[in-house]
Amino acid sequence: MAERILGKTLATVSLSVALASVTVKSSGCCSIPECRNAFSSCGFHLSSNIMSTSNGAKENSHNKARTSPYPGSKVQRSQVPNEKVGWFVEWQDYNPVEYTAVSVLAGPKWADPQISESNFSPKFNEKDGHVERKSQNGLYEIENGRPRNPAGRTGLVGRGLLGRWGPNHAADPIITRWKRDSSGNKITHPISGKNILQFVAIKRKDCGEWAIPGGMVDPGEKISATLKREFGEEALNSLQKSGAEKRELEEQLHKLFSQEHLVIYKGYVDDPRNTDNAWMETEAVNYHDETGEVMDDLTLEAGDDAGKVKWVDISDQLQLYASHSQFIKLVAEKRDAHWSEDSETETECHGL
Ligand code: RP5
């Protein structure tokens, strides 16, 4: 394929995350105190910029959340140097730009009203009716009535393109299989000697970047339902199927999504849409088709927010949307699959 999903370098290793325990169900235990004491009891942590030790961009857990122009606009964020990302660093002259997209201000059902609107009194850090306003990273601060991004400054206040003040919850289904030759034998990487894993990637229509086919959790929706729904909509074009086709697809999806799976990551995402007051969080879950037979029955077809869909070989050459490369790296480690040609990098990965 001519598409440039591969790049020369791995996107900066920014989120330090650890694998959740290898269980079918997530533990739901992540509780990360704000700022400096960022380690959680279940192994996840937001590194660097919410910890006191951060200095360099390489370690920073939100780089993409500081890029300009803001997606879908010409808005330039105020520049935030690496050493001033953390809220614990005093910065009296910090002057972020205010921006909320017109599409959000128009008040679609997936978006909150403006905070100043008198009949809107959200319950931050709690389940607010059907809307989950709790962060997977623990309690977040409220400053002047607005939630504060737990990963630090982004140079922009308001909600940008995000509907919710505070955490905007998503789910990312990572569907994998082993790369095989025409005889069905697993293909081994000539340098690392490890089997090559493949995952289903989509090309996002909004920015043209390749990504995991994830999406937003609807109010009241279970994460397991979001994972299945989003994969169906974006990678199998389920929304455009007829009734009978839908029923068949649903059966096949059920087979795939009811098998053993791994919760790979839960928490903050370094998403380019993040702002000081609204940010993405996700639960990334790996469903692995060991024999390849389940996925053989499913024809990939891009739909909804996805322009293209394909199987992609997993390696450190991937450049993906937001923090997705890091999630994929964690899957490769967990499945003991090929990641890097460079043994040093491979060792570093295990140290995440
Ligand atoms: C990312 O945005 C998440 O990891 C997820 O993949 C995605 C959800 O947003 P939409 O695809 O619905 O725009 O931060």
# chains A, B, ... in the order shown; residues from 1 in each chain; ligands from 1

call {"tool": "residues_near_ligand", "arguments": {"ligand": "ligand 1", "cutoff": "7 Å", "atoms": "only C-alpha atoms and all ligand atoms", "output": "ChimeraX atom specification"}}
result
/A:170-172,211-216,269-271,280-282,322-324

call {"tool": "residues_around", "arguments": {"residues": "Arg229 of chain A", "least_positions_apart": "5", "cutoff": "12 Å", "atoms": "only C-alpha atoms", "output": "ChimeraX atom specification"}}
result
/A:170-173,213-218,221-224,234-239,246,249-250,253-254,257,303-304

call {"tool": "write_last_selection", "arguments": {"atoms": "N, CA and C atoms", "output": "PDB file, in the first residue's frame"}}
result
ATOM      1  N   ALA A 170     -13.316   7.311  25.854  1.00  0.00           N
ATOM      2  CA  ALA A 170     -13.351   6.526  24.613  1.00  0.00           C
ATOM      3  C   ALA A 170     -12.972   5.086  24.918  1.00  0.00           C
ATOM      4  N   ALA A 171     -13.076   4.238  23.892  1.00  0.00           N
ATOM      5  CA  ALA A 171     -12.652   2.842  24.010  1.00  0.00           C
ATOM      6  C   ALA A 171     -11.960   2.469  22.705  1.00  0.00           C
ATOM      7  N   ASP A 172     -10.849   1.740  22.809  1.00  0.00           N
ATOM      8  CA  ASP A 172     -10.049   1.382  21.633  1.00  0.00           C
ATOM      9  C   ASP A 172      -9.896  -0.132  21.501  1.00  0.00           C
ATOM     10  N   PRO A 173     -10.579  -0.742  20.514  1.00  0.00           N
ATOM     11  CA  PRO A 173     -10.435  -2.192  20.302  1.00  0.00           C
ATOM     12  C   PRO A 173      -9.193  -2.493  19.449  1.00  0.00           C
ATOM     13  N   PRO A 213      -9.307   1.590  15.581  1.00  0.00           N
ATOM     14  CA  PRO A 213     -10.691   2.007  15.306  1.00  0.00           C
ATOM     15  C   PRO A 213     -11.526   2.233  16.572  1.00  0.00           C
ATOM     16  N   GLY A 214     -11.115   3.210  17.371  1.00  0.00           N
ATOM     17  CA  GLY A 214     -11.811   3.479  18.633  1.00  0.00           C
ATOM     18  C   GLY A 214     -12.855   4.574  18.490  1.00  0.00           C
ATOM     19  N   GLY A 215     -13.560   4.820  19.571  1.00  0.00           N
ATOM     20  CA  GLY A 215     -14.560   5.876  19.544  1.00  0.00           C
ATOM     21  C   GLY A 215     -15.077   6.189  20.927  1.00  0.00           C
ATOM     22  N   MET A 216     -15.956   7.170  20.974  1.00  0.00           N
ATOM     23  CA  MET A 216     -16.470   7.672  22.252  1.00  0.00           C
ATOM     24  C   MET A 216     -17.462   6.695  22.891  1.00  0.00           C
ATOM     25  N   VAL A 217     -17.401   6.649  24.205  1.00  0.00           N
ATOM     26  CA  VAL A 217     -18.376   5.857  24.959  1.00  0.00           C
ATOM     27  C   VAL A 217     -19.647   6.712  25.090  1.00  0.00           C
ATOM     28  N   ASP A 218     -20.753   6.186  24.628  1.00  0.00           N
ATOM     29  CA  ASP A 218     -22.022   6.925  24.761  1.00  0.00           C
ATOM     30  C   ASP A 218     -22.461   6.948  26.221  1.00  0.00           C
ATOM     31  N   GLU A 221     -23.363   3.754  28.253  1.00  0.00           N
ATOM     32  CA  GLU A 221     -22.936   2.574  27.491  1.00  0.00           C
ATOM     33  C   GLU A 221     -21.808   1.842  28.226  1.00  0.00           C
ATOM     34  N   LYS A 222     -21.831   0.511  28.156  1.00  0.00           N
ATOM     35  CA  LYS A 222     -20.739  -0.268  28.744  1.00  0.00           C
ATOM     36  C   LYS A 222     -19.552  -0.211  27.794  1.00  0.00           C
ATOM     37  N   ILE A 223     -18.344  -0.207  28.361  1.00  0.00           N
ATOM     38  CA  ILE A 223     -17.139  -0.135  27.520  1.00  0.00           C
ATOM     39  C   ILE A 223     -17.103  -1.310  26.536  1.00  0.00           C
ATOM     40  N   SER A 224     -17.502  -2.490  27.010  1.00  0.00           N
ATOM     41  CA  SER A 224     -17.457  -3.667  26.131  1.00  0.00           C
ATOM     42  C   SER A 224     -18.360  -3.457  24.909  1.00  0.00           C
ATOM     43  N   GLU A 234     -16.509   1.222  12.211  1.00  0.00           N
ATOM     44  CA  GLU A 234     -15.366   1.786  11.483  1.00  0.00           C
ATOM     45  C   GLU A 234     -14.605   0.771  10.634  1.00  0.00           C
ATOM     46  N   ALA A 235     -14.544  -0.467  11.089  1.00  0.00           N
ATOM     47  CA  ALA A 235     -13.724  -1.449  10.362  1.00  0.00           C
ATOM     48  C   ALA A 235     -14.552  -2.432   9.546  1.00  0.00           C
ATOM     49  N   LEU A 236     -15.883  -2.464   9.784  1.00  0.00           N
ATOM     50  CA  LEU A 236     -16.727  -3.417   9.047  1.00  0.00           C
ATOM     51  C   LEU A 236     -17.921  -2.725   8.392  1.00  0.00           C
ATOM     52  N   ASN A 237     -17.983  -1.416   8.535  1.00  0.00           N
ATOM     53  CA  ASN A 237     -19.057  -0.604   7.924  1.00  0.00           C
ATOM     54  C   ASN A 237     -20.452  -1.097   8.306  1.00  0.00           C
ATOM     55  N   SER A 238     -20.627  -1.447   9.566  1.00  0.00           N
ATOM     56  CA  SER A 238     -21.891  -2.049  10.003  1.00  0.00           C
ATOM     57  C   SER A 238     -23.096  -1.119   9.821  1.00  0.00           C
ATOM     58  N   LEU A 239     -22.854   0.206   9.880  1.00  0.00           N
ATOM     59  CA  LEU A 239     -23.984   1.144   9.790  1.00  0.00           C
ATOM     60  C   LEU A 239     -24.670   1.085   8.427  1.00  0.00           C
ATOM     61  N   LYS A 246     -26.543  -7.257   8.964  1.00  0.00           N
ATOM     62  CA  LYS A 246     -26.237  -6.786  10.324  1.00  0.00           C
ATOM     63  C   LYS A 246     -26.289  -7.928  11.323  1.00  0.00           C
ATOM     64  N   LEU A 249     -23.291 -10.137  10.903  1.00  0.00           N
ATOM     65  CA  LEU A 249     -22.106  -9.429  11.422  1.00  0.00           C
ATOM     66  C   LEU A 249     -22.088  -9.469  12.945  1.00  0.00           C
ATOM     67  N   GLU A 250     -23.244  -9.257  13.509  1.00  0.00           N
ATOM     68  CA  GLU A 250     -23.370  -9.239  14.966  1.00  0.00           C
ATOM     69  C   GLU A 250     -22.926 -10.576  15.561  1.00  0.00           C
ATOM     70  N   LEU A 253     -19.166 -10.781  15.249  1.00  0.00           N
ATOM     71  CA  LEU A 253     -18.547  -9.864  16.212  1.00  0.00           C
ATOM     72  C   LEU A 253     -18.629 -10.440  17.616  1.00  0.00           C
ATOM     73  N   HIS A 254     -19.738 -11.061  17.892  1.00  0.00           N
ATOM     74  CA  HIS A 254     -19.929 -11.645  19.218  1.00  0.00           C
ATOM     75  C   HIS A 254     -18.842 -12.692  19.484  1.00  0.00           C
ATOM     76  N   PHE A 257     -15.515 -10.843  20.094  1.00  0.00           N
ATOM     77  CA  PHE A 257     -15.446 -10.024  21.305  1.00  0.00           C
ATOM     78  C   PHE A 257     -15.779 -10.790  22.583  1.00  0.00           C
ATOM     79  N   GLY A 303     -15.885   2.352   7.391  1.00  0.00           N
ATOM     80  CA  GLY A 303     -17.188   3.007   7.512  1.00  0.00           C
ATOM     81  C   GLY A 303     -17.139   4.119   8.534  1.00  0.00           C
ATOM     82  N   ASP A 304     -18.205   4.880   8.624  1.00  0.00           N
ATOM     83  CA  ASP A 304     -18.359   5.973   9.587  1.00  0.00           C
ATOM     84  C   ASP A 304     -17.170   6.950   9.512  1.00  0.00           C
TER      85      ASP A 304
END

call {"tool": "closest_residue", "arguments": {"among": "A:Gln326, A:Asn274, A:Ser118, A:Asn195", "to": "Asp313 of chain A", "atoms": "only C-alpha atoms"}}
result
A:Asn195

call {"tool": "atom_distance", "arguments": {"atom1": "atom CA of Glu283 of chain A", "atom2": "atom CA of Glu260 of chain A"}}
result
16.0 Å

call {"tool": "atom_distance", "arguments": {"atom1": "atom CA of Gly166 of chain A", "atom2": "atom CA of Ser78 of chain A"}}
result
19.9 Å

call {"tool": "decode", "arguments": {"residues": "segment 113-142 of chain A", "atoms": "N, CA, C and O atoms", "output": "PDB file, in the first residue's frame"}}
result
ATOM      1  N   PRO A 113     -23.368  21.914  27.763  1.00  0.00           N
ATOM      2  CA  PRO A 113     -23.520  23.354  27.521  1.00  0.00           C
ATOM      3  C   PRO A 113     -22.279  24.096  28.025  1.00  0.00           C
ATOM      4  O   PRO A 113     -21.394  23.495  28.634  1.00  0.00           O
ATOM      5  N   GLN A 114     -22.230  25.397  27.788  1.00  0.00           N
ATOM      6  CA  GLN A 114     -21.158  26.206  28.359  1.00  0.00           C
ATOM      7  C   GLN A 114     -21.333  26.242  29.878  1.00  0.00           C
ATOM      8  O   GLN A 114     -22.463  26.226  30.384  1.00  0.00           O
ATOM      9  N   ILE A 115     -20.223  26.329  30.587  1.00  0.00           N
ATOM     10  CA  ILE A 115     -20.289  26.289  32.052  1.00  0.00           C
ATOM     11  C   ILE A 115     -21.069  27.470  32.621  1.00  0.00           C
ATOM     12  O   ILE A 115     -21.785  27.346  33.599  1.00  0.00           O
ATOM     13  N   SER A 116     -20.963  28.601  31.964  1.00  0.00           N
ATOM     14  CA  SER A 116     -21.623  29.803  32.481  1.00  0.00           C
ATOM     15  C   SER A 116     -23.153  29.711  32.409  1.00  0.00           C
ATOM     16  O   SER A 116     -23.859  30.468  33.054  1.00  0.00           O
ATOM     17  N   GLU A 117     -23.654  28.778  31.609  1.00  0.00           N
ATOM     18  CA  GLU A 117     -25.108  28.699  31.462  1.00  0.00           C
ATOM     19  C   GLU A 117     -25.731  28.241  32.782  1.00  0.00           C
ATOM     20  O   GLU A 117     -25.358  27.209  33.340  1.00  0.00           O
ATOM     21  N   SER A 118     -26.671  29.041  33.265  1.00  0.00           N
ATOM     22  CA  SER A 118     -27.127  28.905  34.646  1.00  0.00           C
ATOM     23  C   SER A 118     -27.733  27.551  35.000  1.00  0.00           C
ATOM     24  O   SER A 118     -27.602  27.071  36.113  1.00  0.00           O
ATOM     25  N   ASN A 119     -28.401  26.899  34.040  1.00  0.00           N
ATOM     26  CA  ASN A 119     -29.040  25.622  34.403  1.00  0.00           C
ATOM     27  C   ASN A 119     -28.092  24.428  34.267  1.00  0.00           C
ATOM     28  O   ASN A 119     -28.506  23.295  34.382  1.00  0.00           O
ATOM     29  N   PHE A 120     -26.833  24.699  34.043  1.00  0.00           N
ATOM     30  CA  PHE A 120     -25.869  23.603  33.882  1.00  0.00           C
ATOM     31  C   PHE A 120     -24.959  23.510  35.099  1.00  0.00           C
ATOM     32  O   PHE A 120     -24.136  24.384  35.336  1.00  0.00           O
ATOM     33  N   SER A 121     -25.165  22.469  35.910  1.00  0.00           N
ATOM     34  CA  SER A 121     -24.275  22.311  37.071  1.00  0.00           C
ATOM     35  C   SER A 121     -23.754  20.876  37.119  1.00  0.00           C
ATOM     36  O   SER A 121     -24.321  20.007  37.779  1.00  0.00           O
ATOM     37  N   PRO A 122     -22.705  20.626  36.333  1.00  0.00           N
ATOM     38  CA  PRO A 122     -22.167  19.269  36.242  1.00  0.00           C
ATOM     39  C   PRO A 122     -21.571  18.778  37.551  1.00  0.00           C
ATOM     40  O   PRO A 122     -21.051  19.569  38.334  1.00  0.00           O
ATOM     41  N   LYS A 123     -21.648  17.463  37.754  1.00  0.00           N
ATOM     42  CA  LYS A 123     -21.030  16.863  38.938  1.00  0.00           C
ATOM     43  C   LYS A 123     -19.668  16.323  38.520  1.00  0.00           C
ATOM     44  O   LYS A 123     -19.560  15.184  38.054  1.00  0.00           O
ATOM     45  N   PHE A 124     -18.662  17.149  38.669  1.00  0.00           N
ATOM     46  CA  PHE A 124     -17.330  16.711  38.266  1.00  0.00           C
ATOM     47  C   PHE A 124     -16.788  15.660  39.227  1.00  0.00           C
ATOM     48  O   PHE A 124     -17.153  15.639  40.405  1.00  0.00           O
ATOM     49  N   ASN A 125     -15.899  14.819  38.693  1.00  0.00           N
ATOM     50  CA  ASN A 125     -15.282  13.726  39.472  1.00  0.00           C
ATOM     51  C   ASN A 125     -16.296  12.686  39.942  1.00  0.00           C
ATOM     52  O   ASN A 125     -16.035  11.931  40.870  1.00  0.00           O
ATOM     53  N   GLU A 126     -17.472  12.687  39.315  1.00  0.00           N
ATOM     54  CA  GLU A 126     -18.517  11.712  39.700  1.00  0.00           C
ATOM     55  C   GLU A 126     -19.222  11.203  38.463  1.00  0.00           C
ATOM     56  O   GLU A 126     -19.103  11.800  37.387  1.00  0.00           O
ATOM     57  N   LYS A 127     -20.009  10.170  38.647  1.00  0.00           N
ATOM     58  CA  LYS A 127     -20.937   9.768  37.595  1.00  0.00           C
ATOM     59  C   LYS A 127     -22.087  10.747  37.678  1.00  0.00           C
ATOM     60  O   LYS A 127     -22.729  10.895  38.723  1.00  0.00           O
ATOM     61  N   ASP A 128     -22.340  11.458  36.598  1.00  0.00           N
ATOM     62  CA  ASP A 128     -23.311  12.546  36.587  1.00  0.00           C
ATOM     63  C   ASP A 128     -24.503  12.103  35.733  1.00  0.00           C
ATOM     64  O   ASP A 128     -24.514  12.302  34.521  1.00  0.00           O
ATOM     65  N   GLY A 129     -25.474  11.456  36.369  1.00  0.00           N
ATOM     66  CA  GLY A 129     -26.552  10.835  35.588  1.00  0.00           C
ATOM     67  C   GLY A 129     -25.930   9.707  34.783  1.00  0.00           C
ATOM     68  O   GLY A 129     -25.251   8.849  35.333  1.00  0.00           O
ATOM     69  N   HIS A 130     -26.112   9.749  33.438  1.00  0.00           N
ATOM     70  CA  HIS A 130     -25.490   8.710  32.600  1.00  0.00           C
ATOM     71  C   HIS A 130     -24.095   9.112  32.135  1.00  0.00           C
ATOM     72  O   HIS A 130     -23.394   8.334  31.493  1.00  0.00           O
ATOM     73  N   VAL A 131     -23.712  10.343  32.409  1.00  0.00           N
ATOM     74  CA  VAL A 131     -22.416  10.828  31.910  1.00  0.00           C
ATOM     75  C   VAL A 131     -21.316  10.560  32.944  1.00  0.00           C
ATOM     76  O   VAL A 131     -21.422  10.994  34.085  1.00  0.00           O
ATOM     77  N   GLU A 132     -20.278   9.845  32.499  1.00  0.00           N
ATOM     78  CA  GLU A 132     -19.159   9.531  33.395  1.00  0.00           C
ATOM     79  C   GLU A 132     -18.188  10.721  33.426  1.00  0.00           C
ATOM     80  O   GLU A 132     -17.523  11.011  32.437  1.00  0.00           O
ATOM     81  N   ARG A 133     -18.156  11.421  34.541  1.00  0.00           N
ATOM     82  CA  ARG A 133     -17.230  12.559  34.656  1.00  0.00           C
ATOM     83  C   ARG A 133     -16.051  12.234  35.560  1.00  0.00           C
ATOM     84  O   ARG A 133     -15.255  13.085  35.904  1.00  0.00           O
ATOM     85  N   LYS A 134     -15.971  10.957  35.978  1.00  0.00           N
ATOM     86  CA  LYS A 134     -14.815  10.506  36.760  1.00  0.00           C
ATOM     87  C   LYS A 134     -13.664  10.265  35.799  1.00  0.00           C
ATOM     88  O   LYS A 134     -13.873   9.745  34.701  1.00  0.00           O
ATOM     89  N   SER A 135     -12.463  10.611  36.231  1.00  0.00           N
ATOM     90  CA  SER A 135     -11.293  10.342  35.400  1.00  0.00           C
ATOM     91  C   SER A 135     -10.721   8.983  35.783  1.00  0.00           C
ATOM     92  O   SER A 135     -10.813   8.564  36.938  1.00  0.00           O
ATOM     93  N   GLN A 136     -10.108   8.316  34.804  1.00  0.00           N
ATOM     94  CA  GLN A 136      -9.424   7.047  35.107  1.00  0.00           C
ATOM     95  C   GLN A 136      -8.107   7.325  35.816  1.00  0.00           C
ATOM     96  O   GLN A 136      -7.429   6.407  36.256  1.00  0.00           O
ATOM     97  N   ASN A 137      -7.720   8.583  35.886  1.00  0.00           N
ATOM     98  CA  ASN A 137      -6.450   8.952  36.510  1.00  0.00           C
ATOM     99  C   ASN A 137      -6.634   9.590  37.884  1.00  0.00           C
ATOM    100  O   ASN A 137      -5.754  10.304  38.356  1.00  0.00           O
ATOM    101  N   GLY A 138      -7.776   9.383  38.488  1.00  0.00           N
ATOM    102  CA  GLY A 138      -8.004   9.910  39.828  1.00  0.00           C
ATOM    103  C   GLY A 138      -8.687  11.272  39.803  1.00  0.00           C
ATOM    104  O   GLY A 138      -9.208  11.696  38.773  1.00  0.00           O
ATOM    105  N   LEU A 139      -8.655  11.937  40.959  1.00  0.00           N
ATOM    106  CA  LEU A 139      -9.369  13.214  41.056  1.00  0.00           C
ATOM    107  C   LEU A 139      -8.661  14.305  40.258  1.00  0.00           C
ATOM    108  O   LEU A 139      -7.446  14.406  40.297  1.00  0.00           O
ATOM    109  N   TYR A 140      -9.445  15.087  39.543  1.00  0.00           N
ATOM    110  CA  TYR A 140      -8.869  16.251  38.855  1.00  0.00           C
ATOM    111  C   TYR A 140      -9.351  17.515  39.553  1.00  0.00           C
ATOM    112  O   TYR A 140     -10.392  17.527  40.209  1.00  0.00           O
ATOM    113  N   GLU A 141      -8.561  18.571  39.398  1.00  0.00           N
ATOM    114  CA  GLU A 141      -8.871  19.848  40.049  1.00  0.00           C
ATOM    115  C   GLU A 141      -9.928  20.611  39.269  1.00  0.00           C
ATOM    116  O   GLU A 141     -10.025  20.477  38.048  1.00  0.00           O
ATOM    117  N   ILE A 142     -10.694  21.411  39.982  1.00  0.00           N
ATOM    118  CA  ILE A 142     -11.628  22.336  39.328  1.00  0.00           C
ATOM    119  C   ILE A 142     -11.122  23.743  39.651  1.00  0.00           C
ATOM    120  O   ILE A 142     -10.925  24.085  40.817  1.00  0.00           O
TER     121      ILE A 142
END
